[in-house]
>>> print(open('work_9.pdb').read())   # PDB, C-alpha atoms and all ligand atoms
ATOM      1  CA  SER I   1       0.000   0.000   0.000
ATOM      2  CA  HIS I   2       1.044   3.567  -0.728
ATOM      3  CA  ILE I   3       0.412   6.305   1.828
ATOM      4  CA  LEU I   4       0.847  10.014   1.144
ATOM      5  CA  VAL I   5       1.561  12.328   4.082
ATOM      6  CA  LEU I   6       0.949  16.004   3.332
ATOM      7  CA  ASN I   7       1.914  18.950   5.514
ATOM      8  CA  GLY I   8       0.698  22.511   5.098
ATOM      9  CA  PRO I   9       2.165  25.945   5.779
ATOM     10  CA  ASN I  10       4.699  26.665   8.519
ATOM     11  CA  LEU I  11       5.120  23.006   9.439
ATOM     12  CA  ASN I  12       8.640  23.253   7.934
ATOM     13  CA  LEU I  13       9.390  25.351  11.029
ATOM     14  CA  LEU I  14       8.519  22.610  13.531
ATOM     15  CA  GLY I  15      11.154  22.351  16.232
ATOM     16  CA  SER I  16      11.637  26.099  16.543
ATOM     17  CA  ARG I  17       8.077  27.282  15.935
ATOM     18  CA  GLU I  18       6.102  28.021  19.140
ATOM     19  CA  PRO I  19       7.586  24.990  20.936
ATOM     20  CA  SER I  20       5.173  25.359  23.872
ATOM     21  CA  ILE I  21       2.359  24.530  21.419
ATOM     22  CA  TYR I  22       4.061  22.291  18.836
ATOM     23  CA  GLY I  23       6.926  20.721  20.787
ATOM     24  CA  HIS I  24      10.582  20.302  19.866
ATOM     25  CA  LYS I  25      10.421  17.607  17.186
ATOM     26  CA  THR I  26      11.199  18.719  13.650
ATOM     27  CA  LEU I  27       9.279  17.685  10.547
ATOM     28  CA  THR I  28      12.310  15.566   9.596
ATOM     29  CA  ASP I  29      12.067  13.744  12.956
ATOM     30  CA  ILE I  30       8.394  13.027  12.221
ATOM     31  CA  GLN I  31       9.192  11.892   8.680
ATOM     32  CA  GLN I  32      11.943   9.511   9.884
ATOM     33  CA  ASN I  33       9.641   7.972  12.480
ATOM     34  CA  LEU I  34       6.896   7.390   9.889
ATOM     35  CA  ASN I  35       9.428   5.969   7.417
ATOM     36  CA  SER I  36      10.563   3.355   9.917
ATOM     37  CA  ILE I  37       6.974   2.321  10.708
ATOM     38  CA  ALA I  38       6.112   2.117   7.002
ATOM     39  CA  LYS I  39       9.242   0.067   6.298
ATOM     40  CA  ALA I  40       8.379  -2.438   9.041
ATOM     41  CA  GLU I  41       4.909  -2.789   7.501
ATOM     42  CA  SER I  42       6.266  -2.992   3.924
ATOM     43  CA  ALA I  43       4.244   0.073   2.981
ATOM     44  CA  GLU I  44       5.358   2.826   0.639
ATOM     45  CA  LEU I  45       5.370   6.287   2.212
ATOM     46  CA  THR I  46       5.599   9.639   0.449
ATOM     47  CA  PHE I  47       6.079  12.655   2.725
ATOM     48  CA  LYS I  48       5.704  16.268   1.543
ATOM     49  CA  GLN I  49       5.377  19.797   2.906
ATOM     50  CA  SER I  50       4.394  23.028   1.206
ATOM     51  CA  ASN I  51       3.507  26.534   2.262
ATOM     52  CA  ALA I  52       1.427  26.970  -0.899
ATOM     53  CA  GLU I  53      -2.230  26.017  -1.192
ATOM     54  CA  HIS I  54      -2.005  25.356  -4.948
ATOM     55  CA  GLN I  55       0.909  22.949  -4.405
ATOM     56  CA  LEU I  56      -1.104  20.921  -1.880
ATOM     57  CA  VAL I  57      -4.071  20.846  -4.305
ATOM     58  CA  ASP I  58      -1.763  19.664  -7.120
ATOM     59  CA  TRP I  59      -0.293  16.883  -4.948
ATOM     60  CA  ILE I  60      -3.781  15.713  -3.928
ATOM     61  CA  GLN I  61      -4.842  15.630  -7.592
ATOM     62  CA  GLN I  62      -1.695  13.696  -8.542
ATOM     63  CA  ALA I  63      -2.280  11.187  -5.734
ATOM     64  CA  ALA I  64      -5.071   9.563  -7.724
ATOM     65  CA  GLU I  65      -2.723   8.989 -10.705
ATOM     66  CA  SER I  66       0.081   7.598  -8.528
ATOM     67  CA  ASP I  67      -2.159   4.979  -6.906
ATOM     68  CA  VAL I  68      -2.085   6.441  -3.408
ATOM     69  CA  ASP I  69      -4.312   4.346  -1.131
ATOM     70  CA  TYR I  70      -4.537   6.697   1.812
ATOM     71  CA  ILE I  71      -3.737  10.333   2.586
ATOM     72  CA  ILE I  72      -2.676  11.655   5.982
ATOM     73  CA  ILE I  73      -2.857  15.437   5.993
ATOM     74  CA  ASN I  74      -1.937  18.130   8.463
ATOM     75  CA  PRO I  75      -3.400  21.030   6.506
ATOM     76  CA  ALA I  76      -2.146  23.465   9.188
ATOM     77  CA  ALA I  77      -3.910  26.846   8.818
ATOM     78  CA  TYR I  78      -5.564  25.734   5.544
ATOM     79  CA  ALA I  79      -7.840  23.489   7.626
ATOM     80  CA  HIS I  80      -9.582  26.660   8.707
ATOM     81  CA  THR I  81      -9.676  28.427   5.337
ATOM     82  CA  SER I  82      -9.424  26.131   2.338
ATOM     83  CA  VAL I  83     -12.468  25.012   0.382
ATOM     84  CA  ALA I  84     -10.006  24.218  -2.450
ATOM     85  CA  ILE I  85      -8.156  21.548  -0.440
ATOM     86  CA  ARG I  86     -11.476  20.049   0.672
ATOM     87  CA  ASP I  87     -12.669  19.936  -2.947
ATOM     88  CA  ALA I  88      -9.419  18.294  -4.101
ATOM     89  CA  LEU I  89      -9.717  15.585  -1.433
ATOM     90  CA  LEU I  90     -13.363  14.915  -2.347
ATOM     91  CA  ALA I  91     -12.435  14.821  -6.060
ATOM     92  CA  THR I  92      -9.778  12.136  -5.586
ATOM     93  CA  ALA I  93     -12.061  10.101  -3.294
ATOM     94  CA  ILE I  94      -8.963   8.712  -1.540
ATOM     95  CA  PRO I  95      -9.719   8.166   2.178
ATOM     96  CA  PHE I  96      -7.866  10.547   4.452
ATOM     97  CA  ILE I  97      -7.074  11.239   8.093
ATOM     98  CA  GLU I  98      -6.669  14.836   9.289
ATOM     99  CA  VAL I  99      -3.936  15.440  11.865
ATOM    100  CA  HIS I 100      -3.239  18.448  14.059
ATOM    101  CA  ILE I 101      -0.371  18.447  16.519
ATOM    102  CA  SER I 102      -2.096  20.863  18.886
ATOM    103  CA  ASN I 103      -5.609  20.609  20.294
ATOM    104  CA  ILE I 104      -7.307  23.096  17.987
ATOM    105  CA  TYR I 105     -10.424  23.098  20.223
ATOM    106  CA  ARG I 106      -8.626  24.614  23.184
ATOM    107  CA  ARG I 107      -7.108  27.403  21.094
ATOM    108  CA  GLU I 108      -8.556  30.488  19.351
ATOM    109  CA  SER I 109     -12.142  30.068  18.127
ATOM    110  CA  PHE I 110     -11.050  30.529  14.470
ATOM    111  CA  ARG I 111      -9.244  27.185  14.787
ATOM    112  CA  HIS I 112     -12.357  25.327  15.947
ATOM    113  CA  HIS I 113     -13.716  24.802  12.439
ATOM    114  CA  SER I 114     -12.055  22.620   9.810
ATOM    115  CA  TYR I 115     -13.212  22.531   6.193
ATOM    116  CA  LEU I 116     -11.894  18.971   5.938
ATOM    117  CA  ALA I 117     -12.986  17.250   9.140
ATOM    118  CA  ASP I 118     -16.468  16.041   8.140
ATOM    119  CA  ALA I 119     -15.035  14.487   4.966
ATOM    120  CA  ALA I 120     -12.210  12.668   6.820
ATOM    121  CA  THR I 121     -12.226   9.062   7.980
ATOM    122  CA  GLY I 122     -11.047  10.463  11.294
ATOM    123  CA  VAL I 123      -9.326  13.416  12.898
ATOM    124  CA  ILE I 124      -6.456  13.267  15.388
ATOM    125  CA  CYS I 125      -5.623  16.439  17.267
ATOM    126  CA  GLY I 126      -3.887  17.486  20.454
ATOM    127  CA  LEU I 127      -1.703  14.382  20.817
ATOM    128  CA  GLY I 128       1.479  16.076  19.619
ATOM    129  CA  PRO I 129       3.707  14.778  16.804
ATOM    130  CA  SER I 130       2.676  11.220  17.799
ATOM    131  CA  GLY I 131      -0.647  11.985  16.122
ATOM    132  CA  TYR I 132       1.026  11.292  12.766
ATOM    133  CA  GLU I 133       2.136   7.878  13.992
ATOM    134  CA  TYR I 134      -1.368   7.009  15.234
ATOM    135  CA  ALA I 135      -2.802   8.131  11.911
ATOM    136  CA  LEU I 136      -0.346   5.965   9.960
ATOM    137  CA  LYS I 137      -1.149   2.932  12.117
ATOM    138  CA  ALA I 138      -4.893   3.524  11.631
ATOM    139  CA  ALA I 139      -4.454   3.899   7.862
ATOM    140  CA  LEU I 140      -2.387   0.691   7.620
ATOM    141  CA  GLN I 141      -4.910  -1.202   9.722
ATOM    142  CA  HIS I 142      -7.731   0.114   7.565
ATOM    143  CA  LEU I 143      -5.939  -0.942   4.368
ATOM    144  CA  ASN I 144      -4.859  -4.362   5.649
ATOM    145  CA  ASN I 145      -8.244  -5.293   7.074
ATOM    146  CA  ASN I 146     -10.260  -3.492   4.457
ATOM    147  CA  ASP I 147     -12.438  -1.966   7.144
ATOM    148  CA  ILE I 148     -12.571   1.145   9.336
TER     149      ILE I 148
HETATM  150  C1  LIG I 201      -1.954  22.894  13.280
HETATM  151  C2  LIG I 201      -3.067  23.728  13.925
HETATM  152  C3  LIG I 201      -3.461  24.886  13.028
HETATM  153  O1  LIG I 201      -4.503  25.662  13.640
HETATM  154  C4  LIG I 201      -2.272  25.796  12.784
HETATM  155  O2  LIG I 201      -2.616  26.812  11.869
HETATM  156  C5  LIG I 201      -1.053  25.056  12.334
HETATM  157  C6  LIG I 201      -0.746  23.750  12.905
HETATM  158  C7  LIG I 201      -1.429  21.778  14.233
HETATM  159  O3  LIG I 201      -0.791  20.864  13.740
HETATM  160  O4  LIG I 201      -1.670  21.846  15.443
HETATM  161  O5  LIG I 201      -0.260  25.582  11.543
HETATM  162  O6  LIG I 201      -2.455  22.254  12.113
END
>>> encode(input="work_9.pdb", output="C-alpha cells", more="lines below")
Ligand code: DQA
Amino acid sequence: SHILVLNGPNLNLLGSREPSIYGHKTLTDIQQNLNSIAKAESAELTFKQSNAEHQLVDWIQQAAESDVDYIIINPAAYAHTSVAIRDALLATAIPFIEVHISNIYRRESFRHHSYLADAATGVICGLGPSGYEYALKAALQHLNNNDI
C-alpha cells in the first residue's frame, strides 16, 4: 500500500516554531519515524510539505494517478480556510485522516472549524507529533483489514 503524508504551511518550522504549542520535534524527525513504521509494515510512504495552497491541491490531484491508497494530511492553517483543499480531497475520493499536533479546540475560536474534518475518515488532534504515527497505524490497519 502507498500512503501520502501532506503537511501545510509553517510546518517546515517545527522544532523552533512556538515549541510550547508544537513541541521540539522537527518535521524531519516526524518523517523519519513514519518511514521506519512504514518500512516495518512494507508500505510505501511519500512525505511532503508546502507553504502553498495550490501545491497541496496539485499533490492531492496527482495522488489519484500515482495509486495512493490513503492520505494523511496536516493542513495546518488551511484546515480553517481552504475550500479548495477540501474539494481536491473529495475529487480524488482517496480516504484521508486529518492530523493536528495541537488541540485546535482549546485554542482560538477561528481554529475550531475545519473545512476537511467532516469528509475525513477520522481526525487526530492534540496528541502532539505522535498523532502522525497514530494516523499511519490507523491507515495501515484500515488498508490491511479493508475496514474502518
Ligand atoms: C496545526 C493547527 C493549526 O490551527 C495551525 O494553523 C497550524 C498547525 C497543528 O498541527 O496543530 O499551523 O495544524
>>> atom_distance(input="work_9.pdb", atom1="atom CA of I:Cys125", atom2="atom CA of I:Ile104")
6.9 Å
>>> residues_near_ligand(input="work_9.pdb", ligand="ligand LIG 201 (chain I)", cutoff="12 Å", atoms="only C-alpha atoms and all ligand atoms", output="number ranges by chain")
I: 6-14, 17-23, 27, 49-51, 73-82, 98-116, 123-132
>>> resolve_selection(input="work_9.pdb", expression="the PyMOL selection byres (((chain I and resi 42-45) around 12) and not hetatm)", output="PDB file with C-alpha atoms, in the frame of the given file")
ATOM      1  CA  SER I   1       0.000   0.000   0.000  1.00  0.00           C
ATOM      2  CA  HIS I   2       1.044   3.567  -0.728  1.00  0.00           C
ATOM      3  CA  ILE I   3       0.412   6.305   1.828  1.00  0.00           C
ATOM      4  CA  LEU I   4       0.847  10.014   1.144  1.00  0.00           C
ATOM      5  CA  VAL I   5       1.561  12.328   4.082  1.00  0.00           C
ATOM      6  CA  LEU I   6       0.949  16.004   3.332  1.00  0.00           C
ATOM      7  CA  GLN I  31       9.192  11.892   8.680  1.00  0.00           C
ATOM      8  CA  GLN I  32      11.943   9.511   9.884  1.00  0.00           C
ATOM      9  CA  ASN I  33       9.641   7.972  12.480  1.00  0.00           C
ATOM     10  CA  LEU I  34       6.896   7.390   9.889  1.00  0.00           C
ATOM     11  CA  ASN I  35       9.428   5.969   7.417  1.00  0.00           C
ATOM     12  CA  SER I  36      10.563   3.355   9.917  1.00  0.00           C
ATOM     13  CA  ILE I  37       6.974   2.321  10.708  1.00  0.00           C
ATOM     14  CA  ALA I  38       6.112   2.117   7.002  1.00  0.00           C
ATOM     15  CA  LYS I  39       9.242   0.067   6.298  1.00  0.00           C
ATOM     16  CA  ALA I  40       8.379  -2.438   9.041  1.00  0.00           C
ATOM     17  CA  GLU I  41       4.909  -2.789   7.501  1.00  0.00           C
ATOM     18  CA  THR I  46       5.599   9.639   0.449  1.00  0.00           C
ATOM     19  CA  PHE I  47       6.079  12.655   2.725  1.00  0.00           C
ATOM     20  CA  LYS I  48       5.704  16.268   1.543  1.00  0.00           C
ATOM     21  CA  SER I  66       0.081   7.598  -8.528  1.00  0.00           C
ATOM     22  CA  ASP I  67      -2.159   4.979  -6.906  1.00  0.00           C
ATOM     23  CA  VAL I  68      -2.085   6.441  -3.408  1.00  0.00           C
ATOM     24  CA  ASP I  69      -4.312   4.346  -1.131  1.00  0.00           C
ATOM     25  CA  TYR I  70      -4.537   6.697   1.812  1.00  0.00           C
ATOM     26  CA  ILE I  71      -3.737  10.333   2.586  1.00  0.00           C
ATOM     27  CA  ILE I  72      -2.676  11.655   5.982  1.00  0.00           C
ATOM     28  CA  LEU I 136      -0.346   5.965   9.960  1.00  0.00           C
ATOM     29  CA  LYS I 137      -1.149   2.932  12.117  1.00  0.00           C
ATOM     30  CA  ALA I 139      -4.454   3.899   7.862  1.00  0.00           C
ATOM     31  CA  LEU I 140      -2.387   0.691   7.620  1.00  0.00           C
ATOM     32  CA  GLN I 141      -4.910  -1.202   9.722  1.00  0.00           C
ATOM     33  CA  LEU I 143      -5.939  -0.942   4.368  1.00  0.00           C
ATOM     34  CA  ASN I 144      -4.859  -4.362   5.649  1.00  0.00           C
TER      35      ASN I 144
END
>>> atom_distance(input="work_9.pdb", atom1="atom CA of I:Ile60", atom2="atom CA of I:Asp118")
17.5 Å
>>> atom_distance(input="work_9.pdb", atom1="atom CA of I:Ala135", atom2="atom CA of I:Gln62")
21.2 Å
>>> closest_residue(input="work_9.pdb", among="I:Ser16, I:Ile30, I:Ala84, I:Pro95", to="I:Tyr134", atoms="all atoms listed in the file")
I:Ile30
>>> axis_aligned_box(input="work_9.pdb", around="stretch 57-65 of chain I", padding_each_side="6 Å", output="AutoDock Vina command-line options")
--center_x -2.7 --center_y 14.9 --center_z -7.3 --size_x 16.8 --size_y 23.9 --size_z 18.8
>>> build_atoms(input="work_9.pdb", residues="stretch 31-47 of chain I", atoms="N, CA and C atoms", output="compact mmCIF listing (two decimals), keeping the file's coordinate frame")
# COMPACT_ATOMS: atom_id res chain seq x y z
N GLN I 31 9.07 12.66 9.93
CA GLN I 31 9.19 11.89 8.68
C GLN I 31 9.98 10.60 8.91
N GLN I 32 11.10 10.70 9.64
CA GLN I 32 11.94 9.51 9.88
C GLN I 32 11.19 8.45 10.68
N ASN I 33 10.43 8.91 11.67
CA ASN I 33 9.64 7.97 12.48
C ASN I 33 8.60 7.25 11.62
N LEU I 34 7.91 8.01 10.76
CA LEU I 34 6.90 7.39 9.89
C LEU I 34 7.55 6.45 8.89
N ASN I 35 8.72 6.83 8.37
CA ASN I 35 9.43 5.97 7.42
C ASN I 35 9.75 4.61 8.04
N SER I 36 10.18 4.63 9.30
CA SER I 36 10.56 3.36 9.92
C SER I 36 9.34 2.49 10.17
N ILE I 37 8.20 3.10 10.52
CA ILE I 37 6.97 2.32 10.71
C ILE I 37 6.52 1.73 9.37
N ALA I 38 6.55 2.58 8.33
CA ALA I 38 6.11 2.12 7.00
C ALA I 38 7.00 0.97 6.51
N LYS I 39 8.30 1.10 6.74
CA LYS I 39 9.24 0.07 6.30
C LYS I 39 8.93 -1.26 6.97
N ALA I 40 8.69 -1.22 8.29
CA ALA I 40 8.38 -2.44 9.04
C ALA I 40 7.09 -3.08 8.55
N GLU I 41 6.20 -2.27 7.99
CA GLU I 41 4.91 -2.79 7.50
C GLU I 41 4.93 -3.01 5.99
N SER I 42 6.11 -2.87 5.38
CA SER I 42 6.27 -2.99 3.92
C SER I 42 5.32 -2.08 3.15
N ALA I 43 5.09 -0.91 3.68
CA ALA I 43 4.24 0.07 2.98
C ALA I 43 5.13 1.15 2.37
N GLU I 44 4.64 1.72 1.28
CA GLU I 44 5.36 2.83 0.64
C GLU I 44 4.84 4.13 1.24
N LEU I 45 5.77 5.02 1.60
CA LEU I 45 5.37 6.29 2.21
C LEU I 45 5.97 7.46 1.45
N THR I 46 5.12 8.41 1.07
CA THR I 46 5.60 9.64 0.45
C THR I 46 5.24 10.78 1.40
N PHE I 47 6.24 11.62 1.71
CA PHE I 47 6.08 12.66 2.72
C PHE I 47 6.42 14.01 2.12
